[in-house]
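Asker: One structure, pasted below without further comment.
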Amino acid sequence: MTKPMTKWIVPCLVLGLAGAALAQPSPDDARKACTAAMNADPKFAAEIVKTADEAAALRRDAETVAAHTDAYAHVQKNERHVILAYAAMWIVAVGFVLFLWRRQQALKLEIVHLRRDLEAAALEAKPAEPRT
Amino acid sequence: MSKLAVPVFTVLAAIGIAVSIYLIFLVTPLQFGLNEDGKLNGSSLFFNQKIFYLHTAHAMLLIVAVVAAGVASIAFLVTRNARWDDIASASVDVAVVFGVAVLATGSIWAKAAWDVWWNWEPRLTLSLLLWLILVGYVLVRRFAGPSADRIAAGMAIFGGVGTYFLYTMVGQDSHPAAGGQGVVATLGPGMRGAFWLGIASVACWFVALVITRVQSTRAERELREIRERGLDLGVLQ
(Lines give C-alpha, C1' and ligand atoms only; values in the text may rest on other atoms or scores of the structure.)
Protein backbone atom coordinates (compact mmCIF):
# COMPACT_ATOMS: atom_id res chain seq x y z
CA MET A 1 0.00 0.00 0.00
CA THR A 2 2.77 2.46 0.95
CA LYS A 3 5.09 1.62 -1.91
CA PRO A 4 3.02 3.13 -4.80
CA MET A 5 2.61 6.36 -2.76
CA THR A 6 6.33 6.79 -2.09
CA LYS A 7 6.92 6.28 -5.83
CA TRP A 8 5.03 9.55 -6.52
CA ILE A 9 6.60 11.67 -3.79
CA VAL A 10 9.80 12.55 -5.66
CA PRO A 11 8.15 13.54 -8.97
CA CYS A 12 5.62 15.60 -7.03
CA LEU A 13 8.37 17.44 -5.17
CA VAL A 14 10.27 18.13 -8.39
CA LEU A 15 7.17 19.47 -10.09
CA GLY A 16 6.27 21.55 -7.05
CA LEU A 17 9.71 23.23 -6.89
CA ALA A 18 9.73 23.85 -10.64
CA GLY A 19 6.32 25.44 -10.39
CA ALA A 20 7.44 27.69 -7.56
CA ALA A 21 10.49 28.76 -9.56
CA LEU A 22 8.36 29.51 -12.60
CA ALA A 23 5.96 31.50 -10.45
CA GLN A 24 8.81 33.97 -9.50
CA PRO A 25 8.35 37.28 -11.35
CA SER A 26 10.96 38.17 -13.99
CA PRO A 27 13.33 41.09 -13.12
CA ASP A 28 11.39 43.31 -15.46
CA ASP A 29 8.12 42.42 -13.75
CA ALA A 30 9.72 42.92 -10.33
CA ARG A 31 11.00 46.39 -11.38
CA LYS A 32 7.53 47.34 -12.63
CA ALA A 33 5.91 46.09 -9.44
CA CYS A 34 8.45 47.97 -7.31
CA THR A 35 7.94 51.20 -9.28
CA ALA A 36 4.18 50.86 -8.90
CA ALA A 37 4.55 50.27 -5.17
CA MET A 38 6.89 53.31 -4.81
CA ASN A 39 4.46 55.50 -6.74
CA ALA A 40 1.59 54.30 -4.64
CA ASP A 41 3.34 54.86 -1.31
CA PRO A 42 5.77 57.85 -0.95
CA LYS A 43 6.94 56.57 2.45
CA PHE A 44 7.95 53.25 0.90
CA ALA A 45 9.68 55.15 -1.93
CA ALA A 46 11.70 57.27 0.55
CA GLU A 47 12.76 54.14 2.39
CA ILE A 48 13.96 52.51 -0.82
CA VAL A 49 15.97 55.65 -1.80
CA LYS A 50 17.52 55.81 1.69
CA THR A 51 18.57 52.18 1.52
CA ALA A 52 20.12 52.71 -1.94
CA ASP A 53 22.04 55.81 -0.70
CA GLU A 54 23.40 53.88 2.26
CA ALA A 55 24.61 51.09 -0.03
CA ALA A 56 26.37 53.65 -2.30
CA ALA A 57 28.03 55.31 0.71
CA LEU A 58 29.28 51.95 1.95
CA ARG A 59 30.73 51.27 -1.52
CA ARG A 60 32.53 54.67 -1.53
CA ASP A 61 33.92 54.01 1.96
CA ALA A 62 35.20 50.64 0.79
CA GLU A 63 37.02 52.36 -2.12
CA THR A 64 38.59 54.92 0.23
CA VAL A 65 39.71 52.16 2.55
CA ALA A 66 41.14 50.32 -0.46
CA ALA A 67 43.07 53.48 -1.51
CA HIS A 68 44.52 53.83 1.98
CA THR A 69 45.34 50.14 2.11
CA ASP A 70 47.10 50.58 -1.22
CA ALA A 71 49.08 53.55 0.18
CA TYR A 72 49.93 51.55 3.27
CA ALA A 73 51.13 48.71 1.06
CA HIS A 74 53.38 51.17 -0.78
CA VAL A 75 54.75 52.40 2.53
CA GLN A 76 55.42 48.87 3.68
CA LYS A 77 56.93 47.86 0.36
CA ASN A 78 59.36 50.75 0.27
CA GLU A 79 60.61 50.43 3.81
CA ARG A 80 63.13 47.87 2.55
CA HIS A 81 64.54 50.35 0.02
CA VAL A 82 64.84 53.13 2.60
CA ILE A 83 66.77 50.81 4.91
CA LEU A 84 68.99 49.77 1.99
CA ALA A 85 69.70 53.39 1.02
CA TYR A 86 70.61 54.46 4.56
CA ALA A 87 72.74 51.35 4.99
CA ALA A 88 74.57 52.20 1.75
CA MET A 89 75.33 55.71 3.05
CA TRP A 90 76.69 54.35 6.33
CA ILE A 91 78.75 51.66 4.62
CA VAL A 92 80.32 54.22 2.28
CA ALA A 93 81.09 56.59 5.18
CA VAL A 94 82.57 53.87 7.39
CA GLY A 95 84.56 52.50 4.44
CA PHE A 96 86.12 55.90 3.78
CA VAL A 97 86.93 56.46 7.45
CA LEU A 98 88.65 53.05 7.51
CA PHE A 99 90.57 53.99 4.37
CA LEU A 100 91.69 57.28 6.00
CA TRP A 101 92.69 55.45 9.18
CA ARG A 102 94.80 52.97 7.19
CA ARG A 103 96.49 55.84 5.32
CA GLN A 104 97.27 57.50 8.67
CA GLN A 105 98.78 54.27 9.95
CA ALA A 106 100.90 53.94 6.79
CA LEU A 107 102.02 57.53 7.24
CA LYS A 108 103.08 56.90 10.84
CA LEU A 109 105.02 53.84 9.71
CA GLU A 110 106.70 55.90 7.01
CA ILE A 111 107.74 58.50 9.62
CA VAL A 112 109.20 55.73 11.81
CA HIS A 113 111.21 54.39 8.84
CA LEU A 114 112.41 57.86 7.90
CA ARG A 115 113.49 58.60 11.47
CA ARG A 116 115.34 55.29 11.63
CA ASP A 117 117.05 55.98 8.28
CA LEU A 118 118.05 59.49 9.40
CA GLU A 119 119.44 58.20 12.69
CA ALA A 120 121.42 55.57 10.79
CA ALA A 121 122.75 58.23 8.41
CA ALA A 122 123.64 60.49 11.34
CA LEU A 123 125.57 57.64 13.01
CA GLU A 124 127.49 56.98 9.80
CA ALA A 125 128.35 60.66 9.42
CA LYS A 126 129.31 61.01 13.10
CA PRO A 127 132.64 62.89 13.43
CA ALA A 128 135.58 61.25 15.18
CA GLU A 129 135.48 61.32 18.97
CA PRO A 130 137.41 64.23 20.45
CA ARG A 131 140.88 63.32 21.76
CA THR A 132 141.35 63.29 25.49
CA MET B 1 94.51 74.81 10.01
CA SER B 2 93.57 74.42 13.64
CA LYS B 3 93.95 70.98 15.15
CA LEU B 4 90.49 71.43 16.64
CA ALA B 5 88.80 71.84 13.26
CA VAL B 6 88.40 68.13 12.47
CA PRO B 7 87.03 67.07 15.89
CA VAL B 8 84.70 70.08 16.06
CA PHE B 9 83.26 69.48 12.57
CA THR B 10 82.98 65.74 13.23
CA VAL B 11 81.05 66.26 16.46
CA LEU B 12 78.79 68.84 14.81
CA ALA B 13 78.16 66.41 11.96
CA ALA B 14 77.38 63.54 14.33
CA ILE B 15 74.90 65.58 16.36
CA GLY B 16 73.36 67.11 13.25
CA ILE B 17 72.93 63.79 11.46
CA ALA B 18 71.39 62.17 14.56
CA VAL B 19 68.86 65.01 14.88
CA SER B 20 68.24 64.95 11.11
CA ILE B 21 67.44 61.25 11.18
CA TYR B 22 65.06 61.81 14.09
CA LEU B 23 63.30 64.61 12.17
CA ILE B 24 63.25 62.67 8.89
CA PHE B 25 61.66 59.54 10.31
CA LEU B 26 59.55 60.87 13.16
CA VAL B 27 58.58 64.45 12.31
CA THR B 28 58.46 65.11 8.56
CA PRO B 29 55.12 64.14 7.02
CA LEU B 30 54.32 61.86 4.13
CA GLN B 31 51.97 63.22 1.48
CA PHE B 32 49.11 61.23 0.06
CA GLY B 33 47.53 63.12 -2.83
CA LEU B 34 44.13 61.67 -3.75
CA ASN B 35 42.21 62.32 -6.94
CA GLU B 36 38.47 62.99 -6.84
CA ASP B 37 37.84 59.32 -7.44
CA GLY B 38 39.78 58.50 -4.28
CA LYS B 39 42.78 57.03 -6.13
CA LEU B 40 46.33 58.09 -5.27
CA ASN B 41 47.84 60.59 -7.69
CA GLY B 42 51.41 61.39 -8.80
CA SER B 43 52.04 64.03 -6.13
CA SER B 44 52.07 61.43 -3.36
CA LEU B 45 55.30 61.14 -1.37
CA PHE B 46 55.57 57.66 0.05
CA PHE B 47 57.99 56.40 2.65
CA ASN B 48 60.74 56.05 0.03
CA GLN B 49 60.89 59.87 -0.09
CA LYS B 50 62.87 59.63 3.19
CA ILE B 51 65.86 58.77 1.00
CA PHE B 52 65.61 62.25 -0.55
CA TYR B 53 66.96 64.15 2.46
CA LEU B 54 70.48 62.73 2.68
CA HIS B 55 70.69 61.73 -1.01
CA THR B 56 70.29 65.40 -1.99
CA ALA B 57 72.71 66.54 0.71
CA HIS B 58 75.39 64.20 -0.64
CA ALA B 59 74.64 65.30 -4.23
CA MET B 60 74.98 69.00 -3.36
CA LEU B 61 78.28 68.46 -1.57
CA LEU B 62 79.51 66.28 -4.41
CA ILE B 63 79.03 69.29 -6.69
CA VAL B 64 80.77 71.57 -4.15
CA ALA B 65 83.71 69.14 -3.94
CA VAL B 66 84.13 68.90 -7.71
CA VAL B 67 83.92 72.68 -8.15
CA ALA B 68 86.43 73.14 -5.30
CA ALA B 69 88.76 70.64 -6.97
CA GLY B 70 88.44 72.47 -10.29
CA VAL B 71 89.18 75.87 -8.75
CA ALA B 72 92.12 74.50 -6.74
CA SER B 73 93.48 72.85 -9.87
CA ILE B 74 93.33 76.13 -11.80
CA ALA B 75 95.20 77.80 -8.91
CA PHE B 76 97.75 74.97 -8.96
CA LEU B 77 98.35 75.23 -12.71
CA VAL B 78 98.75 79.03 -12.45
CA THR B 79 100.91 79.20 -9.31
CA ARG B 80 102.51 75.71 -9.33
CA ASN B 81 102.05 75.76 -5.56
CA ALA B 82 101.64 72.14 -4.43
CA ARG B 83 99.33 73.17 -1.59
CA TRP B 84 96.57 73.83 -4.15
CA ASP B 85 97.19 70.40 -5.60
CA ASP B 86 96.76 68.87 -2.13
CA ILE B 87 93.37 70.59 -1.78
CA ALA B 88 92.28 69.43 -5.25
CA SER B 89 93.37 65.87 -4.60
CA ALA B 90 91.64 65.73 -1.21
CA SER B 91 88.43 67.22 -2.64
CA VAL B 92 88.34 64.67 -5.43
CA ASP B 93 88.90 61.79 -3.00
CA VAL B 94 85.95 62.94 -0.92
CA ALA B 95 83.92 63.60 -4.10
CA VAL B 96 84.48 60.02 -5.25
CA VAL B 97 83.11 58.76 -1.93
CA PHE B 98 80.13 61.11 -2.01
CA GLY B 99 79.57 60.10 -5.63
CA VAL B 100 79.31 56.45 -4.58
CA ALA B 101 76.77 57.46 -1.92
CA VAL B 102 74.74 59.52 -4.41
CA LEU B 103 74.72 56.83 -7.11
CA ALA B 104 73.92 54.04 -4.65
CA THR B 105 71.11 55.84 -2.84
CA GLY B 106 69.78 57.23 -6.12
CA SER B 107 69.67 53.79 -7.65
CA ILE B 108 67.87 52.32 -4.63
CA TRP B 109 65.40 55.20 -4.66
CA ALA B 110 64.83 54.71 -8.39
CA LYS B 111 63.95 51.08 -7.71
CA ALA B 112 61.51 52.13 -5.00
CA ALA B 113 59.90 54.98 -6.96
CA TRP B 114 60.21 53.98 -10.63
CA ASP B 115 60.70 50.23 -10.20
CA VAL B 116 64.01 50.29 -12.09
CA TRP B 117 67.53 50.29 -10.66
CA TRP B 118 68.90 52.58 -13.37
CA ASN B 119 67.54 54.78 -16.11
CA TRP B 120 69.75 56.15 -18.90
CA GLU B 121 68.29 59.60 -18.78
CA PRO B 122 70.47 62.75 -19.09
CA ARG B 123 70.95 63.67 -15.45
CA LEU B 124 71.70 60.16 -14.29
CA THR B 125 74.01 59.44 -17.20
CA LEU B 126 75.94 62.68 -16.64
CA SER B 127 76.23 61.90 -12.91
CA LEU B 128 77.79 58.55 -13.75
CA LEU B 129 80.16 60.17 -16.30
CA LEU B 130 81.19 62.81 -13.77
CA TRP B 131 81.92 60.10 -11.21
CA LEU B 132 83.98 58.19 -13.79
CA ILE B 133 86.01 61.37 -14.47
CA LEU B 134 86.72 61.59 -10.73
CA VAL B 135 87.77 57.94 -10.62
CA GLY B 136 89.97 58.69 -13.67
CA TYR B 137 91.55 61.56 -11.72
CA VAL B 138 92.43 59.21 -8.85
CA LEU B 139 93.86 56.61 -11.24
CA VAL B 140 95.92 59.25 -13.10
CA ARG B 141 97.40 60.50 -9.83
CA ARG B 142 98.25 56.94 -8.88
CA PHE B 143 99.71 55.68 -12.15
CA ALA B 144 100.57 58.53 -14.56
CA GLY B 145 104.10 59.17 -13.31
CA PRO B 146 105.89 62.51 -12.84
CA SER B 147 103.39 64.68 -14.74
CA ALA B 148 100.37 63.12 -13.01
CA ASP B 149 99.59 66.25 -11.00
CA ARG B 150 99.19 68.43 -14.12
CA ILE B 151 97.17 65.85 -16.09
CA ALA B 152 94.95 65.30 -13.05
CA ALA B 153 94.51 69.06 -12.64
CA GLY B 154 93.19 69.24 -16.21
CA MET B 155 90.72 66.46 -15.47
CA ALA B 156 89.54 68.20 -12.31
CA ILE B 157 88.87 71.40 -14.27
CA PHE B 158 86.95 69.34 -16.84
CA GLY B 159 84.89 67.78 -14.04
CA GLY B 160 84.24 71.18 -12.45
CA VAL B 161 82.82 72.49 -15.73
CA GLY B 162 80.69 69.34 -16.02
CA THR B 163 78.89 70.13 -12.75
CA TYR B 164 77.25 73.15 -14.41
CA PHE B 165 75.52 70.87 -16.90
CA LEU B 166 74.65 68.40 -14.17
CA TYR B 167 72.95 71.11 -12.12
CA THR B 168 71.08 72.81 -14.94
CA MET B 169 70.19 69.78 -17.03
CA VAL B 170 66.45 69.58 -17.42
CA GLY B 171 64.63 67.65 -20.06
CA GLN B 172 62.17 64.88 -20.45
CA ASP B 173 63.71 62.98 -17.59
CA SER B 174 62.05 61.53 -14.53
CA HIS B 175 64.64 62.91 -12.10
CA PRO B 176 63.24 65.89 -10.17
CA ALA B 177 64.57 69.26 -11.35
CA ALA B 178 66.95 71.52 -9.44
CA GLY B 179 66.82 75.32 -9.21
CA GLY B 180 64.02 77.81 -8.58
CA GLN B 181 61.17 75.54 -9.62
CA GLY B 182 62.92 72.40 -8.43
CA VAL B 183 61.98 70.00 -5.71
CA VAL B 184 64.04 71.77 -3.01
CA ALA B 185 62.46 75.16 -3.71
CA THR B 186 58.96 73.67 -3.53
CA LEU B 187 59.43 71.56 -0.39
CA GLY B 188 56.55 71.58 2.06
CA PRO B 189 57.06 73.58 5.29
CA GLY B 190 57.11 70.41 7.38
CA MET B 191 60.08 69.10 5.44
CA ARG B 192 62.34 72.14 5.15
CA GLY B 193 63.85 71.98 8.65
CA ALA B 194 64.93 68.35 8.31
CA PHE B 195 66.25 68.98 4.81
CA TRP B 196 68.42 72.01 5.63
CA LEU B 197 69.67 70.47 8.87
CA GLY B 198 70.65 67.38 6.83
CA ILE B 199 72.53 69.59 4.37
CA ALA B 200 74.35 71.44 7.19
CA SER B 201 75.27 68.18 8.95
CA VAL B 202 76.58 66.48 5.83
CA ALA B 203 78.46 69.71 5.03
CA CYS B 204 80.20 69.51 8.44
CA TRP B 205 81.04 65.86 7.75
CA PHE B 206 82.35 66.84 4.31
CA VAL B 207 84.56 69.61 5.73
CA ALA B 208 85.98 67.24 8.38
CA LEU B 209 86.80 64.65 5.71
CA VAL B 210 88.38 67.18 3.34
CA ILE B 211 90.54 68.70 6.10
CA THR B 212 91.68 65.24 7.23
CA ARG B 213 92.48 64.25 3.67
CA VAL B 214 94.31 67.52 2.95
CA GLN B 215 96.41 67.05 6.08
CA SER B 216 97.32 63.47 5.21
CA THR B 217 97.98 64.29 1.52
CA ARG B 218 100.22 67.18 2.57
CA ALA B 219 102.07 65.02 5.09
CA GLU B 220 102.55 62.27 2.47
CA ARG B 221 103.93 64.78 -0.03
CA GLU B 222 106.29 66.37 2.51
CA LEU B 223 107.56 62.97 3.61
CA ARG B 224 108.13 61.99 -0.01
CA GLU B 225 110.01 65.24 -0.65
CA ILE B 226 112.19 64.75 2.46
CA ARG B 227 113.04 61.22 1.40
CA GLU B 228 113.86 62.33 -2.16
CA ARG B 229 116.07 65.15 -0.84
CA GLY B 230 117.79 62.69 1.49
CA LEU B 231 118.43 60.34 -1.41
CA ASP B 232 119.73 63.21 -3.58
CA LEU B 233 122.14 64.32 -0.83
CA GLY B 234 123.21 60.75 -0.22
CA VAL B 235 122.09 60.96 3.40
CA LEU B 236 119.46 58.25 2.88
CA GLN B 237 119.74 55.01 1.02
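Here, A, B, ... name the chains of the C-alpha coordinates in the order displayed, residue numbers run from 1 inside each chain, and ligands are numbered from 1 in the same displayed order.
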Up to 7 Å from chain B, what residues of chain A turn up? Count only C-alpha atoms and give them as a VMD selection string.

Answerer: chain A and resid 64 67 74 to 75 78 to 79 81 to 82 85 88 to 89 92 104 107 117 to 118 121

Asker: Produce a file of the selected residues containing N, CA and C atoms, as a PDB file, in the first residue's frame.

Answerer:
ATOM      1  N   THR A  64      37.632  54.093  -0.509  1.00  0.00           N
ATOM      2  CA  THR A  64      38.594  54.922   0.231  1.00  0.00           C
ATOM      3  C   THR A  64      39.516  54.041   1.072  1.00  0.00           C
ATOM      4  N   ALA A  67      42.007  52.543  -1.119  1.00  0.00           N
ATOM      5  CA  ALA A  67      43.067  53.485  -1.505  1.00  0.00           C
ATOM      6  C   ALA A  67      44.092  53.616  -0.381  1.00  0.00           C
ATOM      7  N   HIS A  74      52.211  50.497  -0.199  1.00  0.00           N
ATOM      8  CA  HIS A  74      53.381  51.167  -0.776  1.00  0.00           C
ATOM      9  C   HIS A  74      54.405  51.498   0.314  1.00  0.00           C
ATOM     10  N   VAL A  75      53.871  52.036   1.417  1.00  0.00           N
ATOM     11  CA  VAL A  75      54.749  52.404   2.531  1.00  0.00           C
ATOM     12  C   VAL A  75      55.511  51.173   3.025  1.00  0.00           C
ATOM     13  N   ASN A  78      58.165  49.955   0.483  1.00  0.00           N
ATOM     14  CA  ASN A  78      59.362  50.754   0.271  1.00  0.00           C
ATOM     15  C   ASN A  78      60.236  50.891   1.510  1.00  0.00           C
ATOM     16  N   GLU A  79      59.791  50.376   2.610  1.00  0.00           N
ATOM     17  CA  GLU A  79      60.612  50.427   3.811  1.00  0.00           C
ATOM     18  C   GLU A  79      61.956  49.739   3.562  1.00  0.00           C
ATOM     19  N   HIS A  81      63.645  49.521   0.821  1.00  0.00           N
ATOM     20  CA  HIS A  81      64.539  50.351   0.021  1.00  0.00           C
ATOM     21  C   HIS A  81      65.131  51.496   0.835  1.00  0.00           C
ATOM     22  N   VAL A  82      64.329  52.043   1.751  1.00  0.00           N
ATOM     23  CA  VAL A  82      64.839  53.127   2.601  1.00  0.00           C
ATOM     24  C   VAL A  82      65.960  52.589   3.491  1.00  0.00           C
ATOM     25  N   ALA A  85      69.041  52.128   1.384  1.00  0.00           N
ATOM     26  CA  ALA A  85      69.700  53.393   1.024  1.00  0.00           C
ATOM     27  C   ALA A  85      70.500  53.939   2.196  1.00  0.00           C
ATOM     28  N   ALA A  88      73.533  51.907   2.753  1.00  0.00           N
ATOM     29  CA  ALA A  88      74.569  52.203   1.752  1.00  0.00           C
ATOM     30  C   ALA A  88      75.358  53.442   2.158  1.00  0.00           C
ATOM     31  N   MET A  89      74.648  54.479   2.628  1.00  0.00           N
ATOM     32  CA  MET A  89      75.334  55.712   3.050  1.00  0.00           C
ATOM     33  C   MET A  89      76.303  55.433   4.192  1.00  0.00           C
ATOM     34  N   VAL A  92      79.379  53.376   3.011  1.00  0.00           N
ATOM     35  CA  VAL A  92      80.320  54.220   2.277  1.00  0.00           C
ATOM     36  C   VAL A  92      81.126  55.091   3.259  1.00  0.00           C
ATOM     37  N   GLN A 104      96.592  56.868   7.531  1.00  0.00           N
ATOM     38  CA  GLN A 104      97.275  57.500   8.667  1.00  0.00           C
ATOM     39  C   GLN A 104      98.289  56.530   9.278  1.00  0.00           C
ATOM     40  N   LEU A 107     101.235  56.301   7.108  1.00  0.00           N
ATOM     41  CA  LEU A 107     102.021  57.530   7.236  1.00  0.00           C
ATOM     42  C   LEU A 107     102.902  57.482   8.489  1.00  0.00           C
ATOM     43  N   ASP A 117     116.063  55.777   9.333  1.00  0.00           N
ATOM     44  CA  ASP A 117     117.054  55.983   8.276  1.00  0.00           C
ATOM     45  C   ASP A 117     117.928  57.207   8.577  1.00  0.00           C
ATOM     46  N   LEU A 118     117.286  58.273   9.088  1.00  0.00           N
ATOM     47  CA  LEU A 118     118.045  59.494   9.396  1.00  0.00           C
ATOM     48  C   LEU A 118     119.015  59.252  10.553  1.00  0.00           C
ATOM     49  N   ALA A 121     121.875  57.355   9.209  1.00  0.00           N
ATOM     50  CA  ALA A 121     122.747  58.230   8.414  1.00  0.00           C
ATOM     51  C   ALA A 121     123.567  59.134   9.328  1.00  0.00           C
TER      52      ALA A 121
END

Asker: Which of these residues is nearest to Thr10 (chain B), using only C-alpha atoms: B:Ser73, B:Ser201, B:Ser89, B:Ser147?

Answerer: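 Using only C-alpha atoms, the shortest distance to Thr10 (chain B) belongs to B:Ser201.
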
Asker: My list of candidates is B:Val6, B:Ile74, B:Val184, B:Leu124. Which is closest to Trp196 (chain B) when distances are computed with only C-alpha atoms?

Answerer: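 Looking only at the distances to Trp196 (chain B), the closest residue turns out to be B:Val184.
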
Asker: I'd like the neighbourhood of Val8 (chain B) as a list in words, where a residue qualifies if any of its atoms comes within 12 Å (using only C-alpha atoms), though same-chain residues fewer than 2 positions away should be ignored.

Answerer: Ser2, Lys3, Leu4, Ala5, Val6, Thr10, Val11, Leu12, Ala13, Ala14, Ile15, Ser201, Cys204, Trp205, Val207, Ala208, Leu209 and Ile211 of chain B
